[in-house]
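A.B. asks: I have a structure here, written as structure tokens, and I will follow up with some questions on it.
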Amino acid sequence: MKKNRILVVDDNIKIARALKMQLEYTGRFEVLAETSSRAALNAVRSFHPEMAILDVMMPDMDGGELNYQLHQIPELQLMPTLFLTAAKLQGERNDKELIIAKPVEIAQIISLIDQQLNPAAQPTA
Amino acid sequence: MHATIIQDLGNRGDAGNLPRAAQVRANPAPTGAESRPEIRLLLVEDDLAFVSVLTRFLMTASRAKFRVKHAGTKAAALERLAAREFDVVLLDLTLPDSPKEATFESILSHAPNLPIVIMSGSDDEELAMQTMQAGAQDYLVKGDISLSLLLRVIHHAIERKRLEGALIEREMFYRLITENAHDLIAVLDRDGRRVYNSPSYRRLLSASSEIPGSNSLENVHPDDAARIRQIFRETVETGVGQRTEYRFVCSDGSIRHIESQGSVVKDEFGEVAKVLVVSRDVTQRKRAEDSLRESEQRYKQLLGSVTDYIYTVELDGQGRVLATRHNPSCVAVTGYTAEEFAATPGLGIGMVPFEDRPAVEAMIAEARRGMETEPIEHRLRHKDGSLRWVRATTVPRKNAAGTVNSYDGLVSDITERREADNRLRQSEALYQSLVANLPQCIMRKDRAGRFIFVNQRFAEMLHAKPADVIGRTDFDFYPPAMAEKFTADDRRVMASGRMFDTIEENLTANGVMHDVQVLKIPVRDQSGEVSGVQCIFWDVTASRRAQGEIQRRDELLQAMMDNTPAVIYLKDLEGRYLYINREFEKLFKLKREQTVAKNDFDIFPPDIAQRFQENDSAIIEDGCPRTLDEQAPQADGLHDYLSVKFPVRDANGRPYALCGISTDITDRKQIQTQLQQRNQELRRALRELQEAKMYLGQSEKLRAVGTLAAGVAHEVKNPLQELLLNASGLELLIGDQIPEAREQLVDMRASINQANTIVCALLDYARPDPLQLNREDINQLIQEVLLLNNYSLLDARVAVVVHYDRGAPRLMLDRQKMKQVFMNLITNAVHAMEGIPEKGRRIEILVTTQTLATNERQPRGLGDTTCWMPGDDLVVVELSDTGPGIPARLLTQIFDPFFTTKGPGKGTGLGLHIVQNIVGLHGGTIDISNRPEGGARARITLNPKKGSKHHEKEPHPRS
């Protein structure tokens with residue numbers, strides 16, 4: 001089975017590392033974890049992520065801006081994004097973006113990834 | 001010696017100014033042992049050799065003795081001249097310290113009276129001759145001087161100078177005589193123009209500077225002019241002067257009688273060049289002649305008169321009385337006949353009372369000496385014994401030798417005139433003193449407006465003496481406009497011939513304006529023509545002011561009475577109306593005229609009139625003002641009045657009327673109520689304003705906390721995220737092998753989530769948003785609040801029991817605000833239970849849904865429930881505690897801002913107030929009461945249909 005390529009960007013290296021470890025632990029995802037937006041923008045050219053999980057408040061470039069920059073790359077135009085933020089109390093969602101308030105359970109993240117990438121794999125609610 | 005000389009010169013001048021030589025000559029007395037006169041000579045010469053020769057030369061002279069002093073420079077010469085001890089100066093023009101042209105001038109200026117003889121070189125002869133013209137006596141040319149020439153020149157110089165001085169003296173002397181003479185001396189040219197006039201003319205012609213050149217004939221009186229011109233012409237033509245008399249018109253217009261003697265001055269050809277006129281002012285003499293003529297006339301009159309008593313006394317050469325003659329009128333004047341007079345010598349003087357005799361005797365004595373006498377008035381004892389006043393005159397008659405040989409006497413009876421005079425004088429004096437002392441200002445003006453009489457008071461008012469006012473006009477004392485007015489009035493009076501009476505303004509000299517009453521009467525002369533105007537005025541300022549004051553006060557009072565909303569009336573002692581004010585007229589639809597002689601019974605219903613009358617008579621009886629509550633009917637029913645009634649007294653203190661002032665207090669009562677309402681509204685508005693401010697202040701604080709909390713949240717939530725991920729990571733790694741670890745990790749995750757919940761609640765609470773309404777589950781909201789307060793509840797050992805109503809309808813709520821409501825209520829409950837045993841501390845929360853039935857009472861409590869309809873589902877939350885409850889007396893105040901029963905630092909007093917506000921904003925009610933079983937209960941009722949008074953926002957997904 002082909003693994004989904006997930007881009008994780010969080011300036012908190014512990015979160016980035018934990019997310020990468022646990023997502024890859026499932027065996028279903030290939031994760032590229034970066035701790036800065038600049039590094040992420042460089043890395044995606046060779047990585048081609050299918051989905052991005054982005055922190056919002058980051059020092060060099062915030063998550064919103066990074067998301068915009070990523071979508072300027074032609075191959076990534078349709079890539080869904082999941083935002084993780086400590087600034088919001090509740091999550092929100094619209095067509096393209098999901099905003100999840102930190103802290104969030106890994107299980108919920110996996111569930112949201114699957115909603116986007118593998119609707120068929122979703123367990124029936 | 002000097003003293004003699006000075007006397008010889010007529011005591012005039014300073015001897016030092018006179019030529020020394022003249023003095024010497026004038027005094028032939030020997031000086032010292034020498035008989036020859038000594039000539040003191042100053043030799044001004046820089047050539048010492050010449051000096052030595054000349055000095056020796058002079059010493060050998062035998063005719064005169066010289067004392068020579070020498071000066072080698074001009075400066076030395078001037079120094080020596082200062083001593084004034086020389087008779088002659090020999091001057092060389094060429095001196096080392098002076099240009100030769102200037103030498104003579106400067107020496108002369110220092111010795112103007114000394115004869116100076118110039119010595120010059122042959123080359124300077126011309127200059128020497130010039131100095132002669134400038135005043136030098138002679139000159140000598142050096143090298144051409146012999147002793148005899150020198151001596152002669154010196155002697156001539158001294159002699160000439162002496163003669164010059166004498167001539168000047170003489171001239172001055174004559175001039176002095178001319179100038180000091182009383183006679184008028186004039187020198188005229190052939191046409192009569194003045195060449196010289198002696199200073200005495202100053203008495204006649206004031207502008208002495210204009211005298212020379214003017215024609216003297218122009219000053220001759222016109223009536224005499226032709227004659228004098230003729231005489232003057234004859235004098236010039238014939239060269240024979242004449243004496244004549246004429247009138248001279250002086251510069252000041254006065255006329256003097258002048259007697260002039262002309263004589264002619266001829267020139268070298270024998271022609272008349274000038275006319276010398278010596279004149280004398282004979283005015284005095286002329287007057288004496290005139291009076292003589294008058295006396296002659298009087299004499300003739302005297303003779304012609306027959307009614308007066310005339311007598312003649314003839315005298316012999318020694319002045320003894322020869323005979324007396326008496327005309328028939330003597331009987332009429334004295335009562336005695338001529339025969340009786342003839343028979344009784346001394347009867348004449350005998351009739352005169354002793355007191356008057358000296359005057360009569362003096363008059364007769366003068367007549368005997370040939371003198372004219374002024375008439376005298378004296379008394380005379382008539383034969384019938386009455387005392388008569390007579391006027392007596394005597395006139396002497398002289399024979400050809402000029403001796404008095406008789407005198408005539410004229411005696412006229414003036415008793416009646418005298419008495420009339422006396423009476424007139426008395427009445428005049430009385431009038432004068434009256435006029436002078438009257439407090440009125442009195443004056444008389446002629447037709448031209450000039451004052452011809454002013455009394456003392458008027459003069460005083462003008463700050464002038466009466467004499468200084470006479471002859472002047474109003475324009476000299478008053479401002480032009482005022483003087484104009486006075487003059488116009490005067491003219492009108494004089495034109496109409498009628499009295500004029502007015503009150504006008506007058507200004508005193510010290511600038512005080514006052515009102516005066518003026519009376520102007522035309523003054524007529526004997527022929528009945530109006531000759532002027534008589535004015536009398538007096539100050540009426542004070543009385544005018546007083547009158548004006550009274551009138552003003554009356555008007556003011558009237559205006560006050562007519563414009564006051566009070567009812568004012570005046571009744572006589574019988575209760576009849578004397579006066580009612582406009583308000584009275586208006587209220588009872590009456591006119592002032594209609595109330596005259598009417599009483600209360602004519603105006604008001606009997607019972608009311610009766611009460612009025614009772615009140616009135618009580619006041620009149622005891623004489624004291626009273627304040628009464630009265631009622632009177634109005635169109636809209638009975639009105640309440642507050643009446644002040646008081647007796648009005650006359651000057652003797654007796655009451656003659658009753659005055660009442662009644663104020664309608666019906667309106668006042670209404671207004672008071674309105675005012676109270678308005679006040680309450682204002683107070684409420686103020687409170688609301690204060691609350692809003694408080695609330696705003698609170699929001700402000702919360703907003704700051706919110707900003708802070710957002711930062712804090714970020715810092716807390718990231719670690720929470722780490723923990724959560726790591727916990728689940730650990731679970732994955734070790735969970736399967738160690739079941740205990742798995743459990744612990746699950747607990748850990750729960751704790752992490754709880755921490756998150758608290759952080760979120762904190763953020764939520766502090767979120768600085770305005771009212772944000774969303775459809776919310778009240779159960780969930782209460783749950784969140786309890787979570788948020790979990791720690792403090794545990795810490796306070798308070799047990800919480802909640803009965804949720806999961807089926808309750810969702811409500812439009814602002815989560816944050818509504819959470820605050822419950823947080824505040826929980827905090828209050830916790831605080832309330834601090835005093836009771838820990839075991840008994842319990843909070844019970846009960847959520848229910850109730851339907852508002854048709855007949856059900858509106859839920860209790862504060863809040864706007866007007867829109868609630870029967871059948872509405874209401875969500876009710878009750879929160880009870882087991883504390884001591886609220887004292888009943890405080891129950892009504894607990895929602896007031898700043899009301900608190902908590903100790904200092906524990907409560908703001910705003911908690912319940914904010915609760916009530918928020919519930920109110922949500923359109924709900926809140927009620928706090930004591931439970932019958934103990935403790936307090938708060939009951940909040942919310943209507944899902946009527947979520948808020950405010951605009952309802954539909955929930956929408958956030959972007």
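Just remember, in the structure tokens the first chain shown is A, the second B, etc., residues are 1-based per chain, and ligands are 1-based in the order shown.
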Got a sec to tell me which of region 419-469 of chain B DSSP assigns to helix (DSSP H, G or I), as a VMD selection string?
C.D. replies: chain B and resid 419 to 437 456 to 461 466 to 469
A.B. asks: So that I can check the surroundings of region 188-190 of chain B, please list as a tab-separated table (two decimals) with C-alpha atoms, in the first residue's frame every protein, DNA and RNA residue that reaches within 10 Å of it, counting only C-alpha atoms and ignoring chain neighbours fewer than 3 positions away.
C.D. replies:
```tsv
chain	number	residue	atom	x	y	z
B	185	ILE	CA	5.93	169.36	23.84
B	193	ARG	CA	2.87	165.13	11.25
B	194	ARG	CA	4.63	164.40	14.49
B	195	VAL	CA	8.40	164.52	14.47
B	196	TYR	CA	8.91	164.49	18.20
B	197	ASN	CA	6.60	164.20	21.16
B	212	PRO	CA	6.26	159.65	15.24
B	213	GLY	CA	4.90	160.09	11.73
B	214	SER	CA	1.25	160.20	12.69
B	215	ASN	CA	-0.72	163.36	12.04
B	216	SER	CA	-1.40	165.29	15.20
B	232	PHE	CA	-2.09	175.61	11.95
B	233	ARG	CA	-2.11	176.68	8.30
B	235	THR	CA	1.01	179.59	11.65
B	236	VAL	CA	2.96	177.81	8.91
B	237	GLU	CA	2.21	180.53	6.36
B	262	GLY	CA	2.53	177.13	18.56
B	264	VAL	CA	7.79	177.93	14.21
B	265	VAL	CA	11.29	176.60	13.65
B	272	VAL	CA	9.24	177.46	8.26
B	273	ALA	CA	10.49	173.90	8.59
B	274	LYS	CA	8.80	172.74	11.73
B	275	VAL	CA	6.22	173.84	14.22
B	276	LEU	CA	6.95	173.52	17.91
B	277	VAL	CA	3.80	173.13	19.92
```
A.B. asks: Which residues are near region 631-635 of chain B? Cut-off 8 Å, only C-alpha atoms, ignore same chain within fewer than 3 positions. Put them as a list in words.
C.D. replies: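 So the residues in contact are Leu587, Phe588, Phe604, Ile608, Leu638, His639, Asp640 and Tyr641 of chain B.
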A.B. asks: Would you list which chain B residues are within 6 Å of chain A using only C-alpha atoms, as a ChimeraX atom specification?
C.D. replies: /B:714,717,720-722,760
A.B. asks: Between B:Phe50, B:Tyr569, B:Phe104, B:Tyr431, which is the closest to Leu658 (chain B) once you count only C-alpha atoms?
C.D. replies: B:Tyr569
A.B. asks: Identify, on the basis of only C-alpha atoms, every residue whose closest approach to Arg842 (chain B) does not exceed 10 Å; exclude the query and any residue fewer than 4 positions from it along the same chain; express the result as a PDB file with N, CA and C atoms, in the first residue's frame.
C.D. replies:
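The new file selection-v5.pdb reads:
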```pdb
ATOM      1  N   LEU B 793     -14.011  25.465  44.317  1.00  0.00           N
ATOM      2  CA  LEU B 793     -15.079  24.771  45.042  1.00  0.00           C
ATOM      3  C   LEU B 793     -14.483  23.683  45.935  1.00  0.00           C
ATOM      4  N   ARG B 797     -14.236  23.427  50.118  1.00  0.00           N
ATOM      5  CA  ARG B 797     -14.961  22.253  50.673  1.00  0.00           C
ATOM      6  C   ARG B 797     -16.455  22.369  50.435  1.00  0.00           C
ATOM      7  N   VAL B 798     -16.799  22.800  49.238  1.00  0.00           N
ATOM      8  CA  VAL B 798     -18.219  22.940  48.908  1.00  0.00           C
ATOM      9  C   VAL B 798     -18.618  21.815  47.946  1.00  0.00           C
ATOM     10  N   ALA B 799     -19.655  21.137  48.297  1.00  0.00           N
ATOM     11  CA  ALA B 799     -20.142  20.076  47.407  1.00  0.00           C
ATOM     12  C   ALA B 799     -21.117  20.684  46.422  1.00  0.00           C
ATOM     13  N   VAL B 800     -21.079  20.206  45.175  1.00  0.00           N
ATOM     14  CA  VAL B 800     -21.982  20.756  44.177  1.00  0.00           C
ATOM     15  C   VAL B 800     -22.852  19.632  43.619  1.00  0.00           C
ATOM     16  N   VAL B 801     -24.139  19.911  43.612  1.00  0.00           N
ATOM     17  CA  VAL B 801     -25.072  18.942  43.035  1.00  0.00           C
ATOM     18  C   VAL B 801     -25.772  19.631  41.871  1.00  0.00           C
ATOM     19  N   ALA B 829     -22.165  32.251  46.649  1.00  0.00           N
ATOM     20  CA  ALA B 829     -22.630  31.136  47.472  1.00  0.00           C
ATOM     21  C   ALA B 829     -21.462  30.595  48.297  1.00  0.00           C
ATOM     22  N   VAL B 830     -20.290  30.447  47.654  1.00  0.00           N
ATOM     23  CA  VAL B 830     -19.119  29.924  48.374  1.00  0.00           C
ATOM     24  C   VAL B 830     -18.772  30.859  49.537  1.00  0.00           C
ATOM     25  N   MET B 833     -21.088  30.674  52.520  1.00  0.00           N
ATOM     26  CA  MET B 833     -21.068  29.471  53.344  1.00  0.00           C
ATOM     27  C   MET B 833     -19.767  29.312  54.123  1.00  0.00           C
ATOM     28  N   GLU B 838     -17.961  22.628  57.346  1.00  0.00           N
ATOM     29  CA  GLU B 838     -17.607  22.175  56.008  1.00  0.00           C
ATOM     30  C   GLU B 838     -18.601  21.148  55.462  1.00  0.00           C
ATOM     31  N   SER B 880     -29.031  27.176  44.650  1.00  0.00           N
ATOM     32  CA  SER B 880     -29.273  27.353  46.088  1.00  0.00           C
ATOM     33  C   SER B 880     -28.003  27.034  46.848  1.00  0.00           C
ATOM     34  N   ASP B 881     -27.889  27.683  48.015  1.00  0.00           N
ATOM     35  CA  ASP B 881     -26.778  27.313  48.902  1.00  0.00           C
ATOM     36  C   ASP B 881     -27.344  26.991  50.270  1.00  0.00           C
ATOM     37  N   THR B 882     -26.469  26.557  51.159  1.00  0.00           N
ATOM     38  CA  THR B 882     -26.906  26.193  52.510  1.00  0.00           C
ATOM     39  C   THR B 882     -26.353  27.198  53.510  1.00  0.00           C
ATOM     40  N   GLY B 883     -26.072  28.376  53.047  1.00  0.00           N
ATOM     41  CA  GLY B 883     -25.545  29.423  53.933  1.00  0.00           C
ATOM     42  C   GLY B 883     -26.628  30.009  54.815  1.00  0.00           C
ATOM     43  N   GLY B 935     -30.817  29.095  53.830  1.00  0.00           N
ATOM     44  CA  GLY B 935     -29.970  29.396  52.678  1.00  0.00           C
ATOM     45  C   GLY B 935     -30.673  30.272  51.661  1.00  0.00           C
TER      46      GLY B 935
END
```
A.B. asks: What's around Phe29 (chain A) at 6 Å? Count only C-alpha atoms, leave out sequence neighbours fewer than 6 positions away in its own chain, and write the answer as a ChimeraX atom specification.
C.D. replies: /A:3-5
A.B. asks: Which residues are close to region 38-53 of chain A, i.e. within 10 Å by only C-alpha atoms, leaving aside same-chain residues fewer than 4 positions away? Reply as a tab-separated table (two decimals) with C-alpha atoms, in the first residue's frame.
C.D. replies:
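That gives us result02.tsv:
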```
chain	number	residue	atom	x	y	z
A	4	ASN	CA	0.58	9.18	2.10
A	5	ARG	CA	3.26	11.86	2.16
A	6	ILE	CA	2.55	14.30	4.97
A	7	LEU	CA	4.40	17.61	5.58
A	8	VAL	CA	4.56	18.60	9.21
A	9	VAL	CA	5.85	22.13	10.08
A	10	ASP	CA	6.03	23.32	13.69
A	16	ALA	CA	7.16	18.15	15.11
A	19	LEU	CA	3.83	14.00	15.23
A	30	GLU	CA	5.58	9.08	5.12
A	31	VAL	CA	6.24	12.28	7.10
A	32	LEU	CA	8.59	15.16	6.44
A	33	ALA	CA	8.89	17.23	9.63
A	34	GLU	CA	10.38	20.72	9.49
A	60	ASP	CA	10.01	33.24	10.39
A	61	MET	CA	6.76	32.92	8.48
A	63	GLY	CA	1.35	29.11	8.92
A	66	LEU	CA	3.46	29.28	4.39
A	67	ASN	CA	0.25	27.67	3.23
A	69	GLN	CA	3.40	29.94	-0.60
A	70	LEU	CA	2.99	26.18	-0.79
A	73	ILE	CA	3.73	25.56	-6.29
A	75	GLU	CA	1.81	20.45	-8.00
A	76	LEU	CA	0.61	21.47	-4.56
A	78	LEU	CA	-4.92	21.17	-4.47
A	79	MET	CA	-3.09	20.00	-1.35
A	80	PRO	CA	-5.33	20.12	1.77
A	81	THR	CA	-3.92	21.72	4.90
A	82	LEU	CA	-4.54	21.08	8.58
A	83	PHE	CA	-3.65	24.00	10.87
A	84	LEU	CA	-2.82	23.43	14.48
A	98	LEU	CA	-9.05	22.75	8.76
A	99	ILE	CA	-8.14	24.59	11.91
A	109	ILE	CA	-5.35	14.16	13.47
A	113	ILE	CA	-6.06	13.17	7.41
A	116	GLN	CA	-9.14	14.33	3.33
A	117	LEU	CA	-7.02	11.72	1.67
```
A.B. asks: So, with only C-alpha atoms as the atoms that count, which of B:Gly623, B:Pro96, B:Gly143, B:Gly449 lies closest to Ala483 (chain B)?
C.D. replies: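 Smallest distance to Ala483 (chain B) is found for B:Gly449.
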A.B. asks: Would you pick out the contacts of His382 (chain B) at 12 Å or less, using only C-alpha atoms, so that residues sharing its chain but fewer than 2 positions from it are not included, and give the list as a PDB file with C-alpha atoms, in the first residue's frame?
C.D. replies:
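Saved result, around_24.pdb, follows:
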```pdb
ATOM      1  CA  CYS B 330     -40.923 182.566  53.308  1.00  0.00           C
ATOM      2  CA  VAL B 331     -44.336 182.247  54.922  1.00  0.00           C
ATOM      3  CA  ALA B 332     -45.073 179.057  53.082  1.00  0.00           C
ATOM      4  CA  VAL B 333     -41.745 177.491  54.034  1.00  0.00           C
ATOM      5  CA  THR B 334     -41.143 178.837  57.543  1.00  0.00           C
ATOM      6  CA  GLY B 335     -44.461 180.212  58.709  1.00  0.00           C
ATOM      7  CA  TYR B 336     -42.828 183.579  59.448  1.00  0.00           C
ATOM      8  CA  THR B 337     -43.481 186.676  57.394  1.00  0.00           C
ATOM      9  CA  LEU B 347     -34.503 184.172  63.355  1.00  0.00           C
ATOM     10  CA  GLY B 348     -33.126 182.436  60.272  1.00  0.00           C
ATOM     11  CA  GLY B 350     -32.742 180.160  65.094  1.00  0.00           C
ATOM     12  CA  MET B 351     -35.163 177.999  63.128  1.00  0.00           C
ATOM     13  CA  VAL B 352     -32.458 175.418  62.493  1.00  0.00           C
ATOM     14  CA  PRO B 353     -32.197 172.665  65.115  1.00  0.00           C
ATOM     15  CA  ARG B 379     -34.272 170.533  59.230  1.00  0.00           C
ATOM     16  CA  LEU B 380     -36.123 173.660  60.104  1.00  0.00           C
ATOM     17  CA  ASP B 384     -46.358 175.997  63.767  1.00  0.00           C
ATOM     18  CA  GLY B 385     -43.803 173.910  65.672  1.00  0.00           C
ATOM     19  CA  SER B 386     -43.482 171.158  63.041  1.00  0.00           C
ATOM     20  CA  LEU B 387     -40.091 170.104  61.914  1.00  0.00           C
ATOM     21  CA  ARG B 388     -39.588 170.526  58.186  1.00  0.00           C
ATOM     22  CA  TRP B 389     -36.931 169.268  55.854  1.00  0.00           C
ATOM     23  CA  VAL B 390     -35.516 171.923  53.576  1.00  0.00           C
ATOM     24  CA  ASP B 413     -39.416 172.691  51.578  1.00  0.00           C
ATOM     25  CA  THR B 415     -40.366 167.531  53.727  1.00  0.00           C
TER      26      THR B 415
END
```
A.B. asks: Among region 5-124 of chain A, which residues does DSSP mark as strand (DSSP E) when it is run on the backbone? Keep the chain and numbering as in the structure and answer as a ChimeraX atom specification.
C.D. replies: /A:5-9,29-34,51-55,81-85,92-93,97-101
A.B. asks: Please identify every residue of region 143-241 of chain B that has at least one atom no farther than 7 Å from an atom of region 249-252 of chain B, counting only C-alpha atoms, and for each give the shortest atom pair and the distance in Å to one decimal, arranged by chain then increasing number, as a Markdown table.
C.D. replies:
```
| residue | atom | partner | partner_atom | distance |
| --- | --- | --- | --- | --- |
| B:Leu204 | CA | B:Cys250 | CA | 5.0 |
| B:Leu205 | CA | B:Ser251 | CA | 5.1 |
| B:Ser206 | CA | B:Ser251 | CA | 5.9 |
| B:Asn219 | CA | B:Val249 | CA | 5.1 |
| B:Val220 | CA | B:Val249 | CA | 5.9 |
| B:His221 | CA | B:Val249 | CA | 5.7 |
```
